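Next comes final-v9.txt, a file with compact mmCIF, C-alpha atoms and all ligand atoms.
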# COMPACT_ATOMS: atom_id res chain seq x y z
CA MET A 22 -5.95 -8.84 -25.13
CA ARG A 23 -6.18 -5.36 -23.64
CA TYR A 24 -7.74 -4.02 -26.82
CA SER A 25 -10.45 -6.63 -26.77
CA THR A 26 -11.27 -5.86 -23.11
CA PHE A 27 -11.53 -2.21 -24.05
CA THR A 28 -13.76 -2.97 -27.04
CA ALA A 29 -15.98 -5.12 -24.87
CA ARG A 30 -16.25 -2.26 -22.40
CA ARG A 31 -17.30 0.14 -25.14
CA GLU A 32 -19.95 -2.34 -26.28
CA PHE A 33 -21.18 -2.63 -22.71
CA LEU A 34 -21.37 1.15 -22.34
CA LYS A 35 -23.33 1.37 -25.59
CA PHE A 36 -25.72 -1.23 -24.26
CA LEU A 37 -26.10 0.67 -20.98
CA ALA A 38 -26.67 3.95 -22.78
CA ALA A 39 -29.56 2.38 -24.67
CA SER A 40 -31.09 0.80 -21.60
CA PRO A 41 -34.29 2.39 -20.25
CA TYR A 42 -33.40 1.07 -16.77
CA VAL A 43 -30.08 2.90 -16.73
CA ALA A 44 -31.76 6.06 -18.03
CA ALA A 45 -34.21 5.86 -15.14
CA LEU A 46 -31.24 5.71 -12.73
CA GLY A 47 -29.72 8.90 -14.11
CA GLY A 48 -27.83 7.62 -17.15
CA VAL A 49 -24.51 5.94 -17.74
CA ALA A 50 -22.40 8.58 -16.01
CA ALA A 51 -24.36 8.20 -12.79
CA TYR A 52 -24.15 4.43 -13.04
CA LEU A 53 -20.37 4.53 -13.48
CA GLN A 54 -19.87 6.99 -10.66
CA GLN A 55 -21.62 4.60 -8.31
CA SER A 56 -19.23 1.84 -9.19
CA ALA A 57 -15.68 2.46 -7.97
CA PHE A 58 -14.49 -0.33 -10.17
CA ALA A 59 -16.12 0.64 -13.44
CA GLN A 60 -13.40 1.84 -15.75
CA ASN A 61 -13.21 5.55 -16.12
CA THR A 62 -15.17 6.92 -19.06
CA GLN A 63 -11.96 8.53 -20.35
CA GLU A 64 -11.30 7.86 -24.02
CA ALA A 65 -8.22 5.72 -24.60
CA SER A 66 -6.48 8.72 -26.16
CA ASP A 67 -6.90 10.66 -22.89
CA VAL A 68 -5.13 8.03 -20.82
CA ILE A 69 -1.45 8.83 -20.38
CA ALA A 70 0.93 6.79 -22.52
CA GLY A 71 3.90 7.40 -20.23
CA PRO A 72 4.91 9.19 -17.00
CA ALA A 73 5.96 12.31 -18.91
CA ASN A 74 2.34 12.86 -19.97
CA ALA A 75 1.01 12.95 -16.43
CA PHE A 76 -0.13 16.28 -15.01
CA ASP A 77 -0.65 14.84 -11.57
CA VAL A 78 -0.33 11.53 -9.81
CA PHE A 79 -3.96 10.60 -10.38
CA ASP A 80 -3.29 10.50 -14.13
CA PHE A 81 -1.50 7.22 -13.42
CA GLU A 82 -4.60 5.62 -11.99
CA GLU A 83 -6.53 4.84 -15.16
CA ALA A 84 -3.37 3.90 -17.05
CA ALA A 85 -2.54 1.40 -14.31
CA HIS A 86 -6.11 0.14 -14.18
CA ARG A 87 -5.89 -0.79 -17.85
CA LYS A 88 -2.56 -2.59 -17.49
CA VAL A 89 -2.75 -4.43 -14.19
CA GLN A 90 -4.44 -7.86 -14.06
CA PRO A 91 -8.07 -7.43 -12.95
CA ALA A 92 -7.64 -9.61 -9.85
CA HIS A 93 -4.53 -7.67 -8.81
CA TRP A 94 -6.29 -4.39 -9.43
CA ALA A 95 -9.21 -5.52 -7.30
CA TYR A 96 -6.74 -6.26 -4.49
CA MET A 97 -4.96 -2.92 -4.81
CA ALA A 98 -7.96 -0.64 -5.16
CA SER A 99 -10.27 -2.06 -2.51
CA GLY A 100 -10.79 -1.28 1.15
CA VAL A 101 -12.71 -3.22 3.76
CA ASP A 102 -16.41 -3.58 4.54
CA ASP A 103 -18.16 -0.81 2.57
CA ASP A 104 -14.92 0.96 1.53
CA ALA A 105 -16.12 3.98 3.49
CA THR A 106 -12.77 4.56 5.23
CA LEU A 107 -10.95 4.24 1.92
CA HIS A 108 -13.18 6.99 0.48
CA ALA A 109 -12.92 9.08 3.66
CA ASN A 110 -9.13 9.07 3.27
CA ARG A 111 -9.20 10.86 -0.06
CA GLU A 112 -12.15 13.05 0.91
CA GLY A 113 -10.29 14.13 4.07
CA PHE A 114 -7.70 16.03 2.05
CA LYS A 115 -10.45 18.28 0.68
CA HIS A 116 -10.93 19.68 4.16
CA ILE A 117 -7.32 20.73 4.64
CA GLU A 118 -6.77 24.39 3.89
CA LEU A 119 -3.41 26.07 3.44
CA ARG A 120 -2.57 29.54 4.76
CA PRO A 121 -0.07 30.94 2.29
CA ARG A 122 2.51 33.36 3.64
CA ARG A 123 3.82 35.70 0.95
CA LEU A 124 7.02 37.56 0.11
CA ARG A 125 9.36 34.86 1.41
CA ASP A 126 11.82 34.61 -1.54
CA ALA A 127 10.46 31.62 -3.46
CA THR A 128 13.73 31.07 -5.32
CA LYS A 129 15.04 29.08 -2.37
CA VAL A 130 12.38 26.41 -1.83
CA ASP A 131 13.88 23.50 0.04
CA MET A 132 11.74 20.40 0.47
CA ARG A 133 14.42 18.25 2.08
CA VAL A 134 13.74 16.49 5.35
CA GLU A 135 16.09 14.72 7.70
CA LEU A 136 14.82 11.57 9.37
CA PHE A 137 17.00 9.58 11.78
CA GLY A 138 20.17 11.06 10.30
CA THR A 139 19.36 10.59 6.60
CA VAL A 140 18.38 13.49 4.37
CA TYR A 141 15.63 12.88 1.82
CA ASP A 142 14.79 15.24 -1.04
CA SER A 143 11.09 15.34 -0.19
CA PRO A 144 8.81 14.65 2.75
CA ILE A 145 6.72 12.44 0.47
CA PHE A 146 7.74 8.81 0.83
CA LEU A 147 6.86 5.40 -0.57
CA CYS A 148 4.60 3.38 1.72
CA PRO A 149 5.17 -0.31 2.15
CA THR A 150 2.87 -2.21 -0.16
CA GLY A 151 3.00 -5.99 -0.41
CA SER A 152 3.28 -7.94 -3.66
CA GLU A 153 4.60 -5.13 -5.83
CA LYS A 154 5.48 -7.63 -8.58
CA SER A 155 1.78 -8.20 -9.09
CA PHE A 156 1.47 -4.61 -10.34
CA TYR A 157 4.66 -4.41 -12.40
CA PRO A 158 7.10 -7.20 -13.27
CA ASP A 159 10.14 -5.49 -11.68
CA GLY A 160 8.12 -4.88 -8.52
CA GLU A 161 10.08 -3.59 -5.54
CA LEU A 162 13.24 -3.14 -7.65
CA ALA A 163 11.47 -0.67 -9.91
CA VAL A 164 10.20 1.19 -6.85
CA ALA A 165 13.75 1.26 -5.45
CA ARG A 166 15.11 2.70 -8.69
CA ALA A 167 12.44 5.40 -8.65
CA ALA A 168 13.14 6.18 -4.98
CA LYS A 169 16.85 6.43 -5.71
CA ALA A 170 16.30 8.73 -8.67
CA ARG A 171 14.16 11.08 -6.55
CA GLY A 172 16.01 10.80 -3.26
CA THR A 173 12.90 9.45 -1.56
CA LEU A 174 12.42 7.19 1.44
CA GLN A 175 11.23 3.69 0.57
CA ILE A 176 9.60 1.45 3.15
CA LEU A 177 9.66 -2.23 2.26
CA SER A 178 6.81 -4.54 3.26
CA THR A 179 7.34 -7.90 4.94
CA SER A 180 5.04 -9.12 2.15
CA THR A 181 7.58 -7.98 -0.42
CA THR A 182 7.99 -10.12 -3.53
CA THR A 183 11.70 -9.20 -3.70
CA ALA A 184 14.33 -9.93 -1.04
CA VAL A 185 15.39 -6.99 1.14
CA GLU A 186 19.06 -7.46 0.17
CA ASP A 187 18.27 -6.98 -3.54
CA VAL A 188 16.06 -3.96 -2.87
CA ASN A 189 18.75 -2.29 -0.76
CA LYS A 190 21.23 -2.83 -3.57
CA ALA A 191 18.91 -1.22 -6.14
CA LEU A 192 18.22 1.68 -3.78
CA SER A 193 21.91 2.08 -2.88
CA ARG A 194 20.96 2.51 0.78
CA PRO A 195 18.88 0.51 3.23
CA VAL A 196 15.10 0.73 3.13
CA TRP A 197 13.05 1.18 6.25
CA TYR A 198 11.62 -2.26 6.88
CA GLN A 199 7.92 -2.69 7.63
CA LEU A 200 7.45 -5.58 10.02
CA TYR A 201 4.46 -7.85 10.14
CA ALA A 202 5.31 -9.67 13.35
CA PRO A 203 4.60 -13.40 13.02
CA SER A 204 2.87 -15.21 15.88
CA SER A 205 6.12 -16.98 16.83
CA TRP A 206 8.87 -14.85 18.43
CA GLU A 207 11.50 -17.14 16.96
CA ALA A 208 10.27 -16.43 13.41
CA CYS A 209 10.12 -12.73 14.22
CA GLU A 210 13.69 -12.74 15.51
CA LYS A 211 14.93 -14.50 12.36
CA ILE A 212 13.34 -11.88 10.14
CA LEU A 213 14.84 -9.09 12.25
CA ARG A 214 18.35 -10.57 12.22
CA ARG A 215 18.18 -10.85 8.44
CA VAL A 216 16.92 -7.29 8.08
CA GLU A 217 19.67 -6.04 10.38
CA ALA A 218 22.32 -7.96 8.44
CA ALA A 219 20.99 -6.31 5.27
CA GLY A 220 21.87 -2.95 6.83
CA CYS A 221 18.41 -1.70 7.79
CA SER A 222 18.36 0.42 10.92
CA VAL A 223 14.69 1.46 11.01
CA ILE A 224 11.75 -0.90 11.33
CA ALA A 225 8.09 0.02 11.26
CA LEU A 226 5.87 -2.42 13.12
CA THR A 227 2.41 -2.50 11.55
CA VAL A 228 -0.24 -2.93 14.23
CA ASP A 229 -3.52 -2.17 12.49
CA ASN A 230 -3.99 -5.34 10.52
CA THR A 231 -3.55 -8.26 12.88
CA THR A 232 -6.99 -9.84 12.79
CA GLY A 233 -7.53 -10.28 9.05
CA ARG A 234 -9.56 -8.05 6.78
CA ASN A 235 -13.08 -8.18 5.48
CA SER A 236 -12.20 -7.33 1.89
CA GLU A 237 -15.70 -7.51 0.47
CA THR A 238 -15.04 -5.40 -2.60
CA TYR A 239 -11.96 -7.40 -3.53
CA LEU A 240 -13.87 -10.65 -3.24
CA ARG A 241 -16.80 -9.25 -5.17
CA THR A 242 -14.86 -7.63 -8.00
CA ARG A 243 -12.05 -10.05 -8.67
CA PRO A 244 -12.72 -12.44 -11.56
CA LYS A 245 -15.01 -15.31 -10.63
CA ASP A 246 -12.87 -17.87 -12.41
CA LEU A 247 -9.59 -18.10 -10.51
CA ARG A 248 -8.26 -21.07 -12.46
CA PRO A 249 -5.88 -18.92 -14.55
CA CYS A 250 -4.29 -17.73 -11.27
CA ALA A 251 -2.90 -21.23 -10.74
CA ALA A 252 -0.31 -20.48 -13.42
CA CYS A 253 1.48 -18.22 -10.89
CA HIS A 254 -0.11 -18.92 -7.49
CA GLU A 255 -0.31 -22.04 -5.41
CA GLY A 256 -3.67 -22.40 -3.62
CA GLU A 257 -5.67 -19.27 -2.84
CA PRO A 258 -4.01 -16.33 -4.67
CA GLY A 259 -1.67 -14.30 -2.51
CA THR A 260 -1.49 -16.70 0.40
CA ALA A 261 1.58 -18.82 -0.38
CA ILE A 262 4.58 -18.27 1.88
CA LYS A 263 6.77 -19.35 -1.05
CA GLU A 264 5.94 -16.11 -2.86
CA ARG A 265 7.34 -14.07 0.06
CA PRO A 266 11.15 -14.19 0.19
CA MET A 267 11.34 -12.70 3.69
CA TYR A 268 10.14 -16.05 5.09
CA ASP A 269 12.85 -18.04 3.27
CA GLY A 270 14.58 -20.44 5.64
CA ILE A 271 12.01 -19.88 8.40
CA ASN A 272 9.73 -22.71 9.45
CA MET A 273 6.31 -21.08 9.23
CA THR A 274 4.34 -24.26 9.86
CA GLY A 275 1.59 -23.38 12.30
CA VAL A 276 2.82 -19.78 12.52
CA GLN A 277 0.50 -16.90 11.64
CA ARG A 278 2.09 -14.18 9.53
CA GLN A 279 0.41 -11.59 11.71
CA ASN A 280 -0.16 -12.01 15.36
CA PRO A 281 -3.64 -11.18 16.67
CA ALA A 282 -2.35 -11.51 20.25
CA MET A 283 0.14 -8.68 19.80
CA ASP A 284 0.03 -6.18 22.68
CA TRP A 285 2.22 -3.61 24.46
CA ALA A 286 4.19 -6.39 26.17
CA PHE A 287 5.17 -7.56 22.69
CA VAL A 288 6.19 -4.02 21.77
CA ASP A 289 8.39 -3.87 24.90
CA ARG A 290 10.05 -7.14 23.97
CA LEU A 291 10.67 -5.89 20.45
CA ARG A 292 11.95 -2.56 21.80
CA LYS A 293 14.47 -4.43 23.94
CA PHE A 294 15.59 -6.69 21.11
CA TRP A 295 15.85 -4.21 18.23
CA GLN A 296 18.84 -1.94 18.56
CA GLY A 297 17.86 0.38 15.70
CA LYS A 298 14.98 2.82 15.42
CA LEU A 299 11.54 1.40 16.03
CA ILE A 300 8.42 3.08 14.76
CA ILE A 301 4.83 1.97 14.88
CA LYS A 302 2.60 2.08 11.84
CA GLY A 303 -1.15 2.17 12.12
CA MET A 304 -1.86 4.30 15.17
CA ASP A 305 -4.85 6.52 14.90
CA THR A 306 -5.57 8.03 18.31
CA ARG A 307 -3.90 10.43 20.74
CA GLU A 308 -4.16 7.80 23.48
CA ASP A 309 -2.03 5.38 21.48
CA ALA A 310 0.39 8.17 20.52
CA ARG A 311 0.97 8.80 24.22
CA LEU A 312 1.55 5.09 24.84
CA CYS A 313 4.12 5.04 22.00
CA VAL A 314 6.05 7.77 23.81
CA GLU A 315 5.78 5.94 27.14
CA HIS A 316 7.08 2.70 25.57
CA GLY A 317 10.14 4.36 24.06
CA ILE A 318 9.04 4.23 20.43
CA ASP A 319 11.04 6.47 18.07
CA GLY A 320 8.20 7.48 15.78
CA MET A 321 4.66 6.84 14.63
CA LEU A 322 3.15 6.50 11.19
CA VAL A 323 -0.39 7.78 11.62
CA SER A 324 -2.29 5.47 9.31
CA ASN A 325 -5.44 3.47 8.83
CA HIS A 326 -3.71 1.23 6.30
CA GLY A 327 -5.35 3.11 3.45
CA GLY A 328 -8.78 2.05 4.72
CA ARG A 329 -7.77 -1.55 4.14
CA ALA A 330 -7.76 -2.81 7.71
CA THR A 331 -10.61 -1.55 9.89
CA GLU A 332 -13.67 0.39 8.82
CA THR A 333 -13.25 3.31 11.24
CA LEU A 334 -14.54 6.13 8.98
CA ARG A 335 -11.69 8.29 10.30
CA ALA A 336 -9.58 9.73 7.46
CA THR A 337 -5.85 9.34 8.09
CA ILE A 338 -5.19 13.04 7.42
C1 LIG A 401 -1.89 -2.67 -2.42
C2 LIG A 401 -1.52 -2.25 -1.03
C3 LIG A 401 -0.73 -3.07 -0.26
C4 LIG A 401 -0.35 -2.67 1.02
N1 LIG A 401 0.48 -3.49 1.74
C5 LIG A 401 0.90 -3.08 2.97
C6 LIG A 401 1.81 -3.89 3.71
O1 LIG A 401 2.26 -4.94 3.27
N2 LIG A 401 2.17 -3.44 4.94
C7 LIG A 401 1.71 -2.26 5.47
O2 LIG A 401 2.08 -1.91 6.59
N3 LIG A 401 0.86 -1.48 4.78
C8 LIG A 401 0.44 -1.86 3.54
N4 LIG A 401 -0.40 -1.06 2.83
C9 LIG A 401 -0.83 0.24 3.39
C10 LIG A 401 0.10 1.34 2.95
O3 LIG A 401 1.38 1.18 3.50
C11 LIG A 401 -0.41 2.74 3.41
O4 LIG A 401 -0.60 2.73 4.79
C12 LIG A 401 -1.68 3.13 2.72
O5 LIG A 401 -1.67 2.83 1.35
C13 LIG A 401 -1.91 4.64 2.83
O6 LIG A 401 -2.85 4.91 3.79
P1 LIG A 401 -2.53 5.70 5.15
O7 LIG A 401 -2.35 7.12 4.75
O8 LIG A 401 -3.72 5.45 5.98
O9 LIG A 401 -1.28 5.11 5.71
C14 LIG A 401 -0.80 -1.43 1.54
C15 LIG A 401 -1.59 -0.61 0.75
C16 LIG A 401 -1.96 -1.00 -0.52
C17 LIG A 401 -2.81 -0.09 -1.34

Please express the file's structure as structure tokens.
Amino acid sequence: MRYSTFTARREFLKFLAASPYVAALGGVAAYLQQSAFAQNTQEASDVIAGPANAFDVFDFEEAAHRKVQPAHWAYMASGVDDDATLHANREGFKHIELRPRRLRDATKVDMRVELFGTVYDSPIFLCPTGSEKSFYPDGELAVARAAKARGTLQILSTSTTTAVEDVNKALSRPVWYQLYAPSSWEACEKILRRVEAAGCSVIALTVDNTTGRNSETYLRTRPKDLRPCAACHEGEPGTAIKERPMYDGINMTGVQRQNPAMDWAFVDRLRKFWQGKLIIKGMDTREDARLCVEHGIDGMLVSNHGGRATETLRATI
């Protein structure tokens, strides 16, 4: 199946290369560069066959692209509106310079960080991403095993496809739990009690994605024929509550999974209710940082949701 897709792609590239229209536009390379979703022109033999072959993390990208279902890839790789914030995020790193200080005994490099009493081996952590089973069959459990092996912090999404209890077991310690606060407080409280019972002491309330997203690129690039999706999904792909174990046992009839009416009064209520650490994910301005401090929040994840929520053009970095 994968081979035939690849062959078809090669045929398509050959066709493009011969096309006078494409030549007029600057050739195949220029055409592919314009299209974020065109497969990389890498030869199959250049694509890593396993993690050990990777020189850097971006070597995983094309390998994943070739393995993950096209509709799932379209969901993962797309931003909102014109994808300009998504691109700005990566571009932003190119403007960060490092000032190296020398002669500091580099035999004792220590990357460990302590956060809320737990020591992690690296300051790099695993963001919450929903639906991890749609990218790899073991989903969140595979991520937990990787996080355990590397002593890394894992944040688990409310849109997880694996129950928090099972993920904590695989990780051998509790995840930080990313909260999408439903529009009913009762539903929210039930999720929080479950998360607390699972041993989690840190929650990250995501606040940048409460009004829905205009995922143009996803809608444009996912396959047109969604009938095969019915084999796994009920209704519109990705929308079924049944696929999200964190809503098990909660009556979500008439309840929105994310609450567009959320405000600072909600944060205060949550602050009062949640006895553990509470951080906010998705703040992007100094004004909101100040408000976090004033409302007794324990930390902030500066984030624009990977350019997947609002087209602000402001790179997270
Ligand atoms: C496929 C995918 C799914 C995501 N799902 C969630 C989610 O369920 N909850 C959440 O808070 N953030 C989610 N995010 C956003 C990430 O946690 C993270 O913020 C982003 O990838 C990195 O951008 P940043 O540096 O602006 O935070 C998702 C991102 C991707 C790519």

Residues at most 12 Å from range 307-314 of chain A, counting only C-alpha atoms, excluding those fewer than 5 positions away in the same chain, as a ChimeraX atom specification? /A:226,228-229,284-286,288-289,292,299-302,319-324

At a cut-off of 7 Å and counting all atoms listed in the file, what residues surround ligand LIG 401 (chain A)? Please answer as a PDB file with C-alpha atoms, in the coordinates of the input.
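Contents of result_26.pdb, as written:
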ATOM      1  CA  TYR A  96      -6.740  -6.260  -4.490  1.00  0.00           C
ATOM      2  CA  MET A  97      -4.960  -2.920  -4.810  1.00  0.00           C
ATOM      3  CA  ALA A  98      -7.960  -0.640  -5.160  1.00  0.00           C
ATOM      4  CA  CYS A 148       4.600   3.380   1.720  1.00  0.00           C
ATOM      5  CA  PRO A 149       5.170  -0.310   2.150  1.00  0.00           C
ATOM      6  CA  THR A 150       2.870  -2.210  -0.160  1.00  0.00           C
ATOM      7  CA  GLY A 151       3.000  -5.990  -0.410  1.00  0.00           C
ATOM      8  CA  SER A 178       6.810  -4.540   3.260  1.00  0.00           C
ATOM      9  CA  THR A 179       7.340  -7.900   4.940  1.00  0.00           C
ATOM     10  CA  SER A 180       5.040  -9.120   2.150  1.00  0.00           C
ATOM     11  CA  GLN A 199       7.920  -2.690   7.630  1.00  0.00           C
ATOM     12  CA  THR A 227       2.410  -2.500  11.550  1.00  0.00           C
ATOM     13  CA  LYS A 302       2.600   2.080  11.840  1.00  0.00           C
ATOM     14  CA  VAL A 323      -0.390   7.780  11.620  1.00  0.00           C
ATOM     15  CA  SER A 324      -2.290   5.470   9.310  1.00  0.00           C
ATOM     16  CA  ASN A 325      -5.440   3.470   8.830  1.00  0.00           C
ATOM     17  CA  HIS A 326      -3.710   1.230   6.300  1.00  0.00           C
ATOM     18  CA  GLY A 327      -5.350   3.110   3.450  1.00  0.00           C
ATOM     19  CA  GLY A 328      -8.780   2.050   4.720  1.00  0.00           C
ATOM     20  CA  THR A 337      -5.850   9.340   8.090  1.00  0.00           C
TER      21      THR A 337
END

With 8 Å added on each side, what axis-aligned box encloses every listed atom of range 205-210 of chain A? Give the centre and edge lengths in Å to one decimal, as JSON.
{"center_x": 9.9, "center_y": -14.9, "center_z": 15.9, "size_x": 23.6, "size_y": 20.4, "size_z": 21.0}

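The interatomic distance for the pair CA of Arg278 in chain A and CA of Arg248 in chain A works out to 25.3 Å.
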
What's the 9 Å shell around range 281-283 of chain A, counting only C-alpha atoms, without same-chain residues fewer than 3 positions away, as number ranges by chain? A: 202, 204, 228, 230-233, 277, 286-288

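Nearest-residue note for Ser205 in chain A: choosing from A:Gly100, A:Gly275, A:Gly113, A:Gly317, the minimum distance belongs to A:Gly275, counting all atoms listed in the file.
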
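From CA of Thr331 in chain A back to CA of Leu174 in chain A, the distance works out to 26.0 Å.
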
Please work out which residues fall within 10 Å of (-5.5, 16.5, 8.7), coordinates as given in the file, with only C-alpha atoms counting, and return them as a PDB file with C-alpha atoms, in the frame of the given file.
ATOM      1  CA  ASN A 110      -9.130   9.070   3.270  1.00  0.00           C
ATOM      2  CA  GLY A 113     -10.290  14.130   4.070  1.00  0.00           C
ATOM      3  CA  PHE A 114      -7.700  16.030   2.050  1.00  0.00           C
ATOM      4  CA  LYS A 115     -10.450  18.280   0.680  1.00  0.00           C
ATOM      5  CA  HIS A 116     -10.930  19.680   4.160  1.00  0.00           C
ATOM      6  CA  ILE A 117      -7.320  20.730   4.640  1.00  0.00           C
ATOM      7  CA  GLU A 118      -6.770  24.390   3.890  1.00  0.00           C
ATOM      8  CA  ALA A 336      -9.580   9.730   7.460  1.00  0.00           C
ATOM      9  CA  THR A 337      -5.850   9.340   8.090  1.00  0.00           C
ATOM     10  CA  ILE A 338      -5.190  13.040   7.420  1.00  0.00           C
TER      11      ILE A 338
END

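Of the listed residues (A:Thr333, A:Thr181, A:Asn235, A:Ser193), A:Thr181 comes nearest to Lys263 in chain A; the distances count all atoms listed in the file.
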
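Checking A:Phe294, A:Tyr201, A:Phe79, A:Tyr157 one by one against Glu217 in chain A, counting all atoms listed in the file, you find the shortest gap at A:Phe294.
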
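Each of A:Ser222, A:Ser143, A:Ser236, A:Gln90 was compared to Ala330 in chain A using only C-alpha atoms, and A:Ser236 turns out to be the nearest.
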
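For the pair CA of Leu291 in chain A and CA of Gly172 in chain A, the separation is 29.5 Å.
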
Tell me which protein, DNA and RNA residues are within 10 Å of Ile145 in chain A, counting only C-alpha atoms, leaving out same-chain ones fewer than 5 positions away, and put them as a PDB file with C-alpha atoms, in the coordinates of the input.
ATOM      1  CA  MET A 132      11.740  20.400   0.470  1.00  0.00           C
ATOM      2  CA  ARG A 133      14.420  18.250   2.080  1.00  0.00           C
ATOM      3  CA  VAL A 134      13.740  16.490   5.350  1.00  0.00           C
ATOM      4  CA  THR A 173      12.900   9.450  -1.560  1.00  0.00           C
ATOM      5  CA  LEU A 174      12.420   7.190   1.440  1.00  0.00           C
ATOM      6  CA  GLN A 175      11.230   3.690   0.570  1.00  0.00           C
TER       7      GLN A 175
END

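Considering the residues A:Ala84, A:Ala95, A:Ile69, A:Ile224 and counting all atoms listed in the file, Gly297 in chain A has its shortest atom-to-atom contact with A:Ile224.
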